[in-house]
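One file, run39.cif, carrying mmCIF, C-alpha atoms and all ligand atoms:
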data_coords
loop_
_atom_site.label_atom_id
_atom_site.label_comp_id
_atom_site.auth_asym_id
_atom_site.auth_seq_id
_atom_site.Cartn_x
_atom_site.Cartn_y
_atom_site.Cartn_z
CA MET A 21 6.81 151.25 107.63
CA LEU A 22 5.54 152.52 110.95
CA PRO A 23 4.88 156.11 109.87
CA LEU A 24 2.80 154.79 106.98
CA ILE A 25 0.68 152.60 109.25
CA PHE A 26 0.24 155.44 111.72
CA GLY A 27 -0.79 157.73 108.89
CA ILE A 28 -3.46 155.42 107.54
CA VAL A 29 -5.17 154.17 110.66
CA PRO A 30 -4.42 156.48 113.60
CA PHE A 31 -7.87 155.93 115.07
CA LEU A 32 -7.29 152.18 115.33
CA LEU A 33 -4.23 152.47 117.52
CA SER A 34 -4.65 151.93 121.19
CA HIS A 35 -2.21 153.43 123.63
CA GLN A 36 -1.12 149.91 124.61
CA ALA A 37 0.17 149.52 121.06
CA LEU A 38 2.45 152.50 121.50
CA ALA A 39 5.80 152.40 123.20
CA GLN A 40 6.04 154.26 126.49
CA PRO A 41 6.09 157.10 127.17
CA TYR A 42 2.47 157.35 126.16
CA THR A 43 1.81 160.00 123.56
CA PRO A 44 -1.81 160.87 122.87
CA ILE A 45 -2.68 160.21 119.25
CA CYS A 46 -4.96 163.21 118.86
CA LYS A 47 -4.23 166.81 119.74
CA VAL A 48 -4.77 167.46 123.47
CA VAL A 49 -6.53 170.82 123.80
CA LEU A 50 -6.80 170.90 127.60
CA ASP A 51 -4.50 168.77 129.73
CA GLY A 52 -5.53 167.99 133.30
CA ARG A 53 -3.07 165.13 133.78
CA ILE A 54 -1.18 165.88 136.98
CA PRO A 55 2.56 166.44 136.63
CA LEU A 56 4.66 164.00 138.70
CA SER A 57 6.28 166.99 140.38
CA ALA A 58 2.97 168.47 141.62
CA THR A 59 2.41 168.88 145.36
CA PRO A 60 -0.91 169.85 147.01
CA ALA A 61 0.34 173.47 147.16
CA THR A 62 0.74 173.44 143.36
CA PHE A 63 -3.04 173.77 143.16
CA ASP A 64 -3.24 176.91 145.31
CA ALA A 65 -1.65 179.20 142.73
CA VAL A 66 -1.55 179.84 139.01
CA SER A 67 1.54 178.20 137.48
CA PRO A 68 2.50 176.06 134.47
CA ALA A 69 2.33 172.98 136.73
CA ASN A 70 -1.29 173.69 137.74
CA PRO A 71 -3.78 172.82 135.01
CA PHE A 72 -6.70 174.08 137.06
CA ASN A 73 -8.26 177.25 138.41
CA PRO A 74 -6.90 177.82 141.95
CA THR A 75 -10.00 179.60 143.26
CA TYR A 76 -12.91 177.70 141.67
CA ALA A 77 -15.06 175.63 142.35
CA ARG A 78 -14.44 175.14 146.04
CA SER A 79 -15.32 176.51 149.45
CA THR A 80 -13.41 179.64 150.37
CA ASN A 81 -12.77 177.92 153.74
CA LEU A 82 -10.65 175.17 152.19
CA LYS A 83 -7.66 175.62 149.92
CA TRP A 84 -6.97 173.08 147.20
CA SER A 85 -3.92 171.97 149.20
CA GLN A 86 -6.37 170.92 151.94
CA ILE A 87 -8.80 169.28 149.49
CA LEU A 88 -6.40 167.26 147.33
CA ARG A 89 -4.27 164.22 148.17
CA PHE A 90 -1.91 162.03 146.19
CA PRO A 91 -3.00 158.45 146.87
CA THR A 92 -0.58 155.54 146.59
CA VAL A 93 -2.50 153.66 143.91
CA THR A 94 -1.33 152.39 140.53
CA PRO A 95 -2.02 155.18 138.05
CA SER A 96 -4.72 154.99 135.42
CA VAL A 97 -3.60 153.63 132.05
CA PHE A 98 -4.06 157.18 130.77
CA ASP A 99 -1.37 158.47 133.15
CA TRP A 100 1.95 157.24 131.82
CA GLN A 101 3.86 160.32 132.88
CA SER A 102 1.40 161.85 135.30
CA LYS A 103 -0.20 160.79 138.56
CA PRO A 104 -3.58 160.19 140.18
CA ILE A 105 -5.20 162.81 142.38
CA GLU A 106 -7.78 162.34 145.16
CA VAL A 107 -10.50 164.98 145.58
CA THR A 108 -12.09 165.12 149.04
CA ILE A 109 -15.17 166.80 150.49
CA ASN A 110 -16.35 167.29 154.05
CA ASP A 111 -19.00 169.35 155.82
CA LYS A 112 -17.04 172.55 155.15
CA SER A 113 -17.12 172.02 151.37
CA ILE A 114 -19.74 174.68 150.71
CA TYR A 115 -19.20 176.59 147.47
CA ASN A 116 -20.62 180.11 147.06
CA ASN A 117 -22.85 179.76 150.12
CA GLN A 118 -24.89 176.96 148.44
CA LYS A 119 -25.78 175.16 151.67
CA GLY A 120 -27.53 172.24 149.96
CA ILE A 121 -24.39 171.06 148.16
CA ARG A 122 -20.99 169.75 149.20
CA ARG A 123 -18.60 170.40 146.36
CA ALA A 124 -15.00 170.49 145.16
CA GLY A 125 -14.61 170.70 141.40
CA LEU A 126 -11.47 170.98 139.29
CA VAL A 127 -12.10 173.28 136.32
CA PHE A 128 -9.79 174.55 133.62
CA SER A 129 -11.48 177.83 132.92
CA ALA A 130 -11.21 181.21 134.51
CA ASN A 131 -14.52 182.37 135.96
CA SER A 132 -15.76 183.39 132.51
CA GLY A 133 -17.82 180.23 132.46
CA THR A 134 -16.38 178.63 129.34
CA ASP A 135 -13.45 176.50 128.26
CA ASP A 136 -13.57 178.08 124.84
CA ILE A 137 -11.41 175.55 123.06
CA THR A 138 -13.67 172.67 124.15
CA ASN A 139 -16.79 174.36 122.78
CA ALA A 140 -16.29 173.98 119.04
CA GLY A 141 -15.66 171.25 116.50
CA VAL A 142 -15.53 167.72 117.89
CA LYS A 143 -14.00 167.23 121.32
CA THR A 144 -13.58 164.20 123.59
CA PHE A 145 -13.58 164.58 127.37
CA HIS A 146 -11.52 161.90 129.16
CA TRP A 147 -11.37 160.89 132.80
CA SER A 148 -10.62 157.77 134.82
CA VAL A 149 -12.07 157.26 138.29
CA LYS A 150 -11.15 154.93 141.14
CA GLN A 151 -12.74 154.41 144.52
CA PRO A 152 -10.73 155.10 147.69
CA PRO A 153 -9.59 152.00 149.64
CA VAL A 154 -12.48 150.12 151.29
CA GLY A 155 -13.36 151.75 154.60
CA ALA A 156 -11.74 155.07 153.69
CA ARG A 157 -13.86 158.04 152.63
CA PRO A 158 -16.50 156.22 150.50
CA LEU A 159 -19.28 158.11 148.77
CA ASN A 160 -22.66 157.79 150.52
CA LEU A 161 -24.90 156.49 147.75
CA THR A 162 -28.02 157.57 149.63
CA HIS A 163 -27.15 160.89 147.99
CA GLU A 164 -26.97 161.71 144.30
CA TYR A 165 -23.56 162.86 143.06
CA MET A 166 -22.86 164.71 139.83
CA ASN A 167 -19.09 164.43 139.91
CA VAL A 168 -18.14 165.15 136.30
CA PHE A 169 -20.08 167.36 133.93
CA HIS A 170 -20.01 169.88 131.11
CA VAL A 171 -22.35 172.71 132.14
CA ARG A 172 -23.73 175.37 129.82
CA GLN A 173 -22.28 178.87 130.16
CA ASP A 174 -25.71 180.17 131.25
CA ASP A 175 -25.88 177.34 133.88
CA LYS A 176 -29.22 176.26 132.33
CA GLY A 177 -28.47 172.60 131.78
CA PHE A 178 -25.63 170.24 131.04
CA GLN A 179 -24.36 168.88 127.75
CA PHE A 180 -23.59 165.77 129.81
CA GLN A 181 -23.46 164.72 133.47
CA PHE A 182 -21.69 161.78 135.13
CA THR A 183 -23.69 160.78 138.19
CA VAL A 184 -23.93 158.05 140.81
CA GLY A 185 -26.08 157.38 143.86
CA ASP A 186 -29.78 157.65 144.55
CA ALA A 187 -31.05 159.77 141.65
CA MET A 188 -33.23 162.73 142.55
CA LYS A 189 -34.96 162.43 139.16
CA PRO A 190 -35.15 158.66 138.73
CA LYS A 191 -35.32 158.18 134.97
CA ASP A 192 -32.80 155.32 135.28
CA PRO A 193 -34.22 151.86 136.03
CA ARG A 194 -30.79 150.72 137.21
CA PRO A 195 -29.88 151.01 140.89
CA PHE A 196 -27.98 153.75 142.65
CA THR A 197 -24.80 151.64 142.57
CA HIS A 198 -24.29 152.51 138.89
CA PHE A 199 -22.30 155.33 137.36
CA ARG A 200 -24.56 157.00 134.78
CA ILE A 201 -23.81 159.27 131.86
CA ILE A 202 -26.80 161.57 131.40
CA ASP A 203 -27.50 163.45 128.18
CA LYS A 204 -28.67 167.03 127.64
CA ASN A 205 -32.32 165.95 127.99
CA GLU A 206 -31.51 164.24 131.31
CA ASN A 207 -31.97 160.74 129.93
CA VAL A 208 -29.52 158.02 130.89
CA ALA A 209 -27.31 157.35 127.86
CA PHE A 210 -25.06 154.79 129.59
CA SER A 211 -24.69 153.18 133.00
CA THR A 212 -22.28 150.71 134.55
CA LEU A 213 -21.78 149.26 138.04
CA ILE A 214 -19.38 151.19 140.24
CA SER A 215 -16.17 149.17 140.77
CA PHE A 216 -14.46 149.08 144.13
CA LYS A 217 -11.38 147.37 142.66
CA GLU A 218 -10.41 148.77 139.30
CA TRP A 219 -9.99 152.04 137.51
CA GLN A 220 -13.01 152.89 135.36
CA ASN A 221 -12.13 154.86 132.24
CA PHE A 222 -14.71 157.08 130.55
CA ALA A 223 -14.71 159.32 127.49
CA VAL A 224 -17.54 161.41 126.02
CA THR A 225 -17.31 162.90 122.53
CA LEU A 226 -19.37 166.03 121.86
CA ASP A 227 -19.73 167.00 118.20
CA TYR A 228 -20.72 170.68 118.24
CA ASN A 229 -21.21 170.83 114.48
CA ARG A 230 -23.74 168.02 114.29
CA ASN A 231 -25.17 168.03 117.86
CA VAL A 232 -24.42 164.41 118.65
CA MET A 233 -22.56 162.55 121.42
CA ARG A 234 -20.66 159.24 121.68
CA ILE A 235 -19.54 157.40 124.81
CA TYR A 236 -16.49 155.19 125.42
CA TYR A 237 -15.71 153.04 128.46
CA SER A 238 -13.25 150.47 129.80
CA THR A 239 -11.97 149.11 133.10
CA GLY A 240 -8.42 148.60 134.36
CA ASN A 241 -5.86 148.67 131.58
CA ASP A 242 -8.29 147.72 128.82
CA GLU A 243 -8.61 150.01 125.86
CA LEU A 244 -11.69 152.17 125.55
CA LYS A 245 -14.63 150.64 123.66
CA GLU A 246 -17.45 152.61 122.10
CA VAL A 247 -20.40 151.72 124.35
CA VAL A 248 -22.87 154.27 122.96
CA GLY A 249 -22.73 155.10 119.28
CA GLU A 250 -23.64 158.44 117.86
CA ARG A 251 -26.88 159.79 119.35
CA PRO A 252 -28.52 163.22 119.16
CA ASN A 253 -27.52 165.68 121.89
CA ASP A 254 -28.04 169.43 122.02
CA ASN A 255 -24.45 170.60 122.60
CA SER A 256 -25.25 174.30 122.25
CA GLY A 257 -24.67 176.92 124.94
CA LYS A 258 -20.88 176.57 125.33
CA GLY A 259 -19.74 175.98 128.91
CA ARG A 260 -17.09 174.22 130.93
CA PHE A 261 -15.85 170.82 132.03
CA GLN A 262 -15.61 169.96 135.73
CA VAL A 263 -14.15 166.91 137.48
CA GLY A 264 -14.47 166.39 141.23
CA ILE A 265 -17.33 165.82 143.66
CA PHE A 266 -20.74 167.51 143.66
CA LYS A 267 -22.92 165.96 146.38
CA LYS A 268 -26.61 166.78 146.30
CA PRO A 269 -28.80 166.82 149.45
CA THR A 270 -31.54 164.39 150.43
CA ASP A 271 -35.11 165.18 151.53
CA VAL A 272 -35.68 167.95 148.99
CA SER A 273 -37.27 168.55 145.60
CA PRO A 274 -35.04 167.76 142.61
CA ASP A 275 -35.53 171.31 141.34
CA VAL A 276 -32.07 172.86 141.11
CA ASN A 277 -33.19 176.23 142.47
CA THR A 278 -34.42 174.44 145.59
CA TYR A 279 -31.75 171.82 146.23
CA LEU A 280 -28.78 174.19 145.89
CA ASN A 281 -29.74 175.88 149.14
CA THR A 282 -31.91 173.46 151.14
CA GLY A 283 -32.29 169.76 151.92
CA PHE A 284 -30.33 167.51 154.25
CA GLN A 285 -26.54 167.03 154.44
CA GLU A 286 -24.99 165.14 157.32
CA ALA A 287 -22.32 166.67 159.56
CA ASP A 288 -18.83 165.30 160.20
CA PHE A 289 -18.04 163.22 157.17
CA GLU A 290 -15.25 162.90 154.66
CA GLU A 291 -15.58 161.40 151.20
CA SER A 292 -13.35 161.18 148.17
CA GLN A 293 -12.89 160.10 144.58
CA ILE A 294 -9.58 159.34 142.88
CA TYR A 295 -9.15 160.65 139.34
CA GLY A 296 -6.59 160.20 136.60
CA GLY A 297 -6.16 160.77 132.90
CA ILE A 298 -8.15 164.02 132.83
CA TYR A 299 -7.84 165.67 129.42
CA VAL A 300 -9.78 166.94 126.43
CA GLU A 301 -8.69 165.99 122.93
CA ASP A 302 -9.58 167.17 119.47
CA SER A 303 -11.62 164.41 117.81
CA ALA A 304 -11.84 165.96 114.36
CA GLY A 305 -11.78 163.18 111.78
CA ASN A 306 -12.98 160.70 114.43
CA CYS A 307 -9.61 160.74 116.18
CA ILE A 308 -9.84 159.28 119.67
CA THR A 309 -7.17 157.90 121.98
CA LYS A 310 -8.32 154.52 123.21
C1 LIG B 1 -25.72 158.55 154.32
O1 LIG B 1 -26.47 159.72 154.15
C2 LIG B 1 -27.68 159.74 154.88
C3 LIG B 1 -28.40 161.03 154.49
O2 LIG B 1 -27.51 162.11 154.60
C4 LIG B 1 -27.37 159.69 156.36
O3 LIG B 1 -28.57 159.66 157.09
C5 LIG B 1 -26.57 158.43 156.66
O4 LIG B 1 -26.16 158.44 158.01
C6 LIG B 1 -25.33 158.36 155.78
N1 LIG B 1 -24.70 157.06 155.93
C7 LIG B 1 -23.43 156.92 156.22
C8 LIG B 1 -22.93 155.51 156.32
O5 LIG B 1 -22.68 157.86 156.39
#

Go ahead and render the structure in this file as structure tokens.
Amino acid sequence: MLPLIFGIVPFLLSHQALAQPYTPICKVVLDGRIPLSATPATFDAVSPANPFNPTYARSTNLKWSQILRFPTVTPSVFDWQSKPIEVTINDKSIYNNQKGIRRAGLVFSANSGTDDITNAGVKTFHWSVKQPPVGARPLNLTHEYMNVFHVRQDDKGFQFQFTVGDAMKPKDPRPFTHFRIIDKNENVAFSTLISFKEWQNFAVTLDYNRNVMRIYYSTGNDELKEVVGERPNDNSGKGRFQVGIFKKPTDVSPDVNTYLNTGFQEADFEESQIYGGIYVEDSAGNCITK
């Protein structure tokens, strides 16, 4: 009986309906869920246990083993057999001499600029985010952060951005305390209040054949709900997915060529974000793991 039900309505099944261990319903094309055996040093070298590029995108002054921590928090619902990871930044987190930015970004690709398998067909980008414990390493929402994104291969724009904080280009009427998913035209497609208690689970589907996007969201252990139905989005230009922290400066023009190298960043700080359930799945036939 079960195989028949699974065969007919795979897209209706939530992971809560499945017995542990959690098995994604759709094909995972890039898996950034952190193996339970991983240590900070795992991320300093290429190995089967390291899903990410060991040299990019981080300051050459800080190794991943200095940037990453394993927090003692309950894992995201998307991490049955994997564990959360905490990405930190401080005043040494300067990537590629871009003095305006403080950055540490986990990326799958080599430095070719694309995650080829995520750039065709219909793909869904998943991540869960949790705030560090109150009082420990909070983001400073006076700044704008672009912590998750899919950037074009030519670096001229983003198929989507996930931002929070005081927006440099304020097209969003909602306050800086909201996470925002921004579309290719830099309009806010979705926003929701940052939670200091629960995991927040996001997924963005990019359909490269039809140039549309969809957005899914839930909190805690709830299953993902479609919060933004299909809407036009120019998904051309290939590119790569990044999850981490990208802190923009204050007191500067929002023009990217200006803010990368100038503007104000405070000294002596440490901030972090906790991530889980990072993966990209094949959403052909509307398959999505909720
Ligand atoms: C937040 O950032 C602003 C601008 O960099 C800085 O002036 C302020 O001291 C920071 N606040 C905290 C609490 O770190």

Close residues, Arg234 (chain A) itself excluded, 6 Å, all atoms listed in the file, min 3 positions apart in chain, as an mmCIF file with C-alpha atoms, keeping the file's coordinate frame:
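File written: result03.cif
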data_model
loop_
_atom_site.group_PDB
_atom_site.id
_atom_site.type_symbol
_atom_site.label_atom_id
_atom_site.label_comp_id
_atom_site.auth_asym_id
_atom_site.auth_seq_id
_atom_site.Cartn_x
_atom_site.Cartn_y
_atom_site.Cartn_z
ATOM 1 C CA VAL A 224 -17.540 161.410 126.020
ATOM 2 C CA THR A 225 -17.310 162.900 122.530
ATOM 3 C CA VAL A 248 -22.870 154.270 122.960
ATOM 4 C CA GLY A 249 -22.730 155.100 119.280
ATOM 5 C CA GLU A 250 -23.640 158.440 117.860
#

One-decimal distance in Å that lies between CA of Pro74 (chain A) and CA of Phe266 (chain A)
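CA of Pro74 (chain A) lies at a distance of 17.3 Å from CA of Phe266 (chain A).
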
Counting only C-alpha atoms and all ligand atoms, which residues in chain A sit no more than 8 Å from ligand LIG 1 (chain B)? For each one, give the nearest pair of atoms and the distance in Å, sorted by chain then residue number, as CSV.
residue,atom,partner,partner_atom,distance
A:Asn160,CA,B:LIG1,C1,4.9
A:Leu161,CA,B:LIG1,C1,6.9
A:Thr162,CA,B:LIG1,O1,5.2
A:His163,CA,B:LIG1,O1,6.3
A:Pro269,CA,B:LIG1,O2,7.1
A:Thr270,CA,B:LIG1,C3,6.1
A:Phe284,CA,B:LIG1,O2,6.1
A:Gln285,CA,B:LIG1,O2,5.0
A:Glu286,CA,B:LIG1,O2,4.8
A:Phe289,CA,B:LIG1,O5,7.1

Ranking A:Asn167, A:Thr75, A:Ser148, A:Asn139 by minimum distance to Arg53 (chain A) and counting only C-alpha atoms, which one comes first?
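Looking only at the distances to Arg53 (chain A), the closest residue turns out to be A:Ser148.
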
Computed interatomic separation between CA of Glu290 (chain A) and CA of Glu218 (chain A) (Å)
21.4 Å

One decimal, Å: what's the distance from CA of Tyr279 (chain A) over to CA of Arg122 (chain A), could you say?
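Computing the Euclidean distance for CA of Tyr279 (chain A) and CA of Arg122 (chain A) yields 11.4 Å.
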
Residue nearest Ile298 (chain A) - candidates A:Ala156, A:Ile45, A:Ala124, A:Ile105, atoms counted: all atoms listed in the file:
A:Ile105

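A distance cut-off of 10 Å around (-7.5, 145.9, 131.4), counting only C-alpha atoms, selects these protein and nucleic acid residues: Val97, Glu218, Trp219, Gln220, Ser238, Thr239, Gly240, Asn241, Asp242, Glu243 and Leu244 of chain A.
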
Taking (-4.1, 169.3, 121.4) in the file's own coordinates, collect the residues within 8 Å, counting all atoms listed in the file, and hand them back as a list in words.
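Answer for this query, in the requested form: Cys46, Lys47, Val48, Val49, Leu50, Val300, Glu301 and Asp302 of chain A.
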
Nearest-residue call for Tyr115 (chain A), choices A:Leu280, A:Leu159, A:Val66, A:Ala140, using all atoms listed in the file
A:Leu280

When you look at Met166 (chain A) with a cut-off of 8 Å (counting only C-alpha atoms), what residues show up, excluding the ones that are within fewer than 6 positions of it in the same chain? I need them as a list of chain:residue names.
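After dropping sequence-adjacent residues, the list is A:Gln181, A:Phe182, A:Thr183, A:Val184, A:Ile265, A:Phe266, A:Lys267, A:Lys268.
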
Using 8 Å of padding on each side, determine the axis-aligned box around all atoms of region 262-274 of chain A present in the file and give its centre and edge lengths in Å to one decimal, as JSON.
{"center_x": -25.7, "center_y": 167.2, "center_z": 143.6, "size_x": 39.1, "size_y": 21.6, "size_z": 31.8}

Show which residues sit within 10 Å of Met233 (chain A), as a PDB file with C-alpha atoms, in the frame of the given file. Count all atoms listed in the file, and ignore same-chain residues fewer than 4 positions away.
ATOM      1  CA  VAL A 142     -15.530 167.720 117.890  1.00  0.00           C
ATOM      2  CA  LYS A 143     -14.000 167.230 121.320  1.00  0.00           C
ATOM      3  CA  THR A 144     -13.580 164.200 123.590  1.00  0.00           C
ATOM      4  CA  GLN A 179     -24.360 168.880 127.750  1.00  0.00           C
ATOM      5  CA  PHE A 180     -23.590 165.770 129.810  1.00  0.00           C
ATOM      6  CA  ASP A 203     -27.500 163.450 128.180  1.00  0.00           C
ATOM      7  CA  LYS A 204     -28.670 167.030 127.640  1.00  0.00           C
ATOM      8  CA  ALA A 209     -27.310 157.350 127.860  1.00  0.00           C
ATOM      9  CA  VAL A 224     -17.540 161.410 126.020  1.00  0.00           C
ATOM     10  CA  THR A 225     -17.310 162.900 122.530  1.00  0.00           C
ATOM     11  CA  LEU A 226     -19.370 166.030 121.860  1.00  0.00           C
ATOM     12  CA  ASP A 227     -19.730 167.000 118.200  1.00  0.00           C
ATOM     13  CA  TYR A 228     -20.720 170.680 118.240  1.00  0.00           C
ATOM     14  CA  VAL A 248     -22.870 154.270 122.960  1.00  0.00           C
ATOM     15  CA  GLY A 249     -22.730 155.100 119.280  1.00  0.00           C
ATOM     16  CA  GLU A 250     -23.640 158.440 117.860  1.00  0.00           C
ATOM     17  CA  ARG A 251     -26.880 159.790 119.350  1.00  0.00           C
ATOM     18  CA  PRO A 252     -28.520 163.220 119.160  1.00  0.00           C
ATOM     19  CA  ASN A 253     -27.520 165.680 121.890  1.00  0.00           C
ATOM     20  CA  ASP A 254     -28.040 169.430 122.020  1.00  0.00           C
ATOM     21  CA  ASN A 255     -24.450 170.600 122.600  1.00  0.00           C
TER      22      ASN A 255
END

Which residue of A:Thr92, A:Glu106, A:Asn205, A:Asn73 approaches Pro60 (chain A) most closely, using only C-alpha atoms:
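So, comparing all the options, the nearest one is A:Glu106.
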
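Counting only C-alpha atoms, the residue from A:Val276, A:Ile109, A:Val263, A:Ala61 that sits nearest to Leu126 (chain A) is A:Val263.
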
Identify which of the residues A:Asn277, A:Asn207, A:Ser57, A:Ser79 lies closest to Lys112 (chain A), counting only C-alpha atoms when measuring atom-to-atom distances.
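Checking each candidate against Lys112 (chain A), we get A:Ser79 as the closest.
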
I'd like the contact shell of Thr212 (chain A) - 8 Å cut-off, all atoms listed in the file, skipping same-chain residues fewer than 6 positions apart - returned as a list of chain:residue names.
A:His198, A:Phe199, A:Arg200

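Close contacts of Lys217 (chain A), defined as residues with an atom at most 9 Å away when counting only C-alpha atoms, with chain neighbours fewer than 3 positions off set aside, comprise Lys150, Gln151, Pro153 and Gly240 of chain A.
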
Selection above as a file: C-alpha atoms, as a PDB file, keeping the file's coordinate frame:
ATOM      1  CA  LYS A 150     -11.150 154.930 141.140  1.00  0.00           C
ATOM      2  CA  GLN A 151     -12.740 154.410 144.520  1.00  0.00           C
ATOM      3  CA  PRO A 153      -9.590 152.000 149.640  1.00  0.00           C
ATOM      4  CA  GLY A 240      -8.420 148.600 134.360  1.00  0.00           C
TER       5      GLY A 240
END

Atoms are missing here; could region 160-177 of chain A be completed with N, CA, C and O atoms and written as an mmCIF file, in the coordinates of the input?
data_model
loop_
_atom_site.group_PDB
_atom_site.id
_atom_site.type_symbol
_atom_site.label_atom_id
_atom_site.label_comp_id
_atom_site.auth_asym_id
_atom_site.auth_seq_id
_atom_site.Cartn_x
_atom_site.Cartn_y
_atom_site.Cartn_z
ATOM 1 N N ASN A 160 -21.439 158.283 149.853
ATOM 2 C CA ASN A 160 -22.660 157.790 150.520
ATOM 3 C C ASN A 160 -23.757 157.777 149.463
ATOM 4 O O ASN A 160 -24.334 158.819 149.155
ATOM 5 N N LEU A 161 -24.039 156.575 148.933
ATOM 6 C CA LEU A 161 -24.900 156.490 147.750
ATOM 7 C C LEU A 161 -26.381 156.694 148.063
ATOM 8 O O LEU A 161 -27.224 156.568 147.181
ATOM 9 N N THR A 162 -26.679 157.066 149.316
ATOM 10 C CA THR A 162 -28.020 157.570 149.630
ATOM 11 C C THR A 162 -28.228 158.932 148.966
ATOM 12 O O THR A 162 -29.351 159.374 148.767
ATOM 13 N N HIS A 163 -27.106 159.590 148.666
ATOM 14 C CA HIS A 163 -27.150 160.890 147.990
ATOM 15 C C HIS A 163 -26.920 160.714 146.492
ATOM 16 O O HIS A 163 -26.287 159.738 146.078
ATOM 17 N N GLU A 164 -27.365 161.677 145.703
ATOM 18 C CA GLU A 164 -26.970 161.710 144.300
ATOM 19 C C GLU A 164 -25.736 162.595 144.154
ATOM 20 O O GLU A 164 -25.667 163.683 144.738
ATOM 21 N N TYR A 165 -24.778 162.103 143.386
ATOM 22 C CA TYR A 165 -23.560 162.860 143.060
ATOM 23 C C TYR A 165 -23.533 163.141 141.570
ATOM 24 O O TYR A 165 -23.876 162.280 140.761
ATOM 25 N N MET A 166 -23.081 164.337 141.228
ATOM 26 C CA MET A 166 -22.860 164.710 139.830
ATOM 27 C C MET A 166 -21.394 165.154 139.758
ATOM 28 O O MET A 166 -21.073 166.318 139.911
ATOM 29 N N ASN A 167 -20.502 164.168 139.629
ATOM 30 C CA ASN A 167 -19.090 164.430 139.910
ATOM 31 C C ASN A 167 -18.299 164.945 138.710
ATOM 32 O O ASN A 167 -17.254 165.559 138.887
ATOM 33 N N VAL A 168 -18.779 164.651 137.515
ATOM 34 C CA VAL A 168 -18.140 165.150 136.300
ATOM 35 C C VAL A 168 -19.261 165.695 135.433
ATOM 36 O O VAL A 168 -20.334 165.088 135.374
ATOM 37 N N PHE A 169 -19.031 166.831 134.818
ATOM 38 C CA PHE A 169 -20.080 167.360 133.930
ATOM 39 C C PHE A 169 -19.507 168.414 132.997
ATOM 40 O O PHE A 169 -18.389 168.916 133.201
ATOM 41 N N HIS A 170 -20.279 168.722 131.975
ATOM 42 C CA HIS A 170 -20.010 169.880 131.110
ATOM 43 C C HIS A 170 -21.275 170.722 131.186
ATOM 44 O O HIS A 170 -22.328 170.323 130.689
ATOM 45 N N VAL A 171 -21.168 171.868 131.869
ATOM 46 C CA VAL A 171 -22.350 172.710 132.140
ATOM 47 C C VAL A 171 -22.371 173.867 131.160
ATOM 48 O O VAL A 171 -21.331 174.418 130.796
ATOM 49 N N ARG A 172 -23.580 174.240 130.732
ATOM 50 C CA ARG A 172 -23.730 175.370 129.820
ATOM 51 C C ARG A 172 -23.221 176.662 130.476
ATOM 52 O O ARG A 172 -23.312 176.834 131.695
ATOM 53 N N GLN A 173 -22.795 177.589 129.653
ATOM 54 C CA GLN A 173 -22.280 178.870 130.160
ATOM 55 C C GLN A 173 -23.353 179.613 130.959
ATOM 56 O O GLN A 173 -23.048 180.292 131.937
ATOM 57 N N ASP A 174 -24.631 179.467 130.534
ATOM 58 C CA ASP A 174 -25.710 180.170 131.250
ATOM 59 C C ASP A 174 -26.198 179.355 132.459
ATOM 60 O O ASP A 174 -27.179 179.734 133.113
ATOM 61 N N ASP A 175 -25.524 178.228 132.764
ATOM 62 C CA ASP A 175 -25.880 177.340 133.880
ATOM 63 C C ASP A 175 -27.268 176.712 133.717
ATOM 64 O O ASP A 175 -27.788 176.096 134.659
ATOM 65 N N LYS A 176 -27.889 176.845 132.545
ATOM 66 C CA LYS A 176 -29.220 176.260 132.330
ATOM 67 C C LYS A 176 -29.074 174.911 131.624
ATOM 68 O O LYS A 176 -29.377 174.781 130.446
ATOM 69 N N GLY A 177 -28.565 173.937 132.329
ATOM 70 C CA GLY A 177 -28.470 172.600 131.780
ATOM 71 C C GLY A 177 -27.036 172.165 131.516
ATOM 72 O O GLY A 177 -26.101 172.945 131.621
#
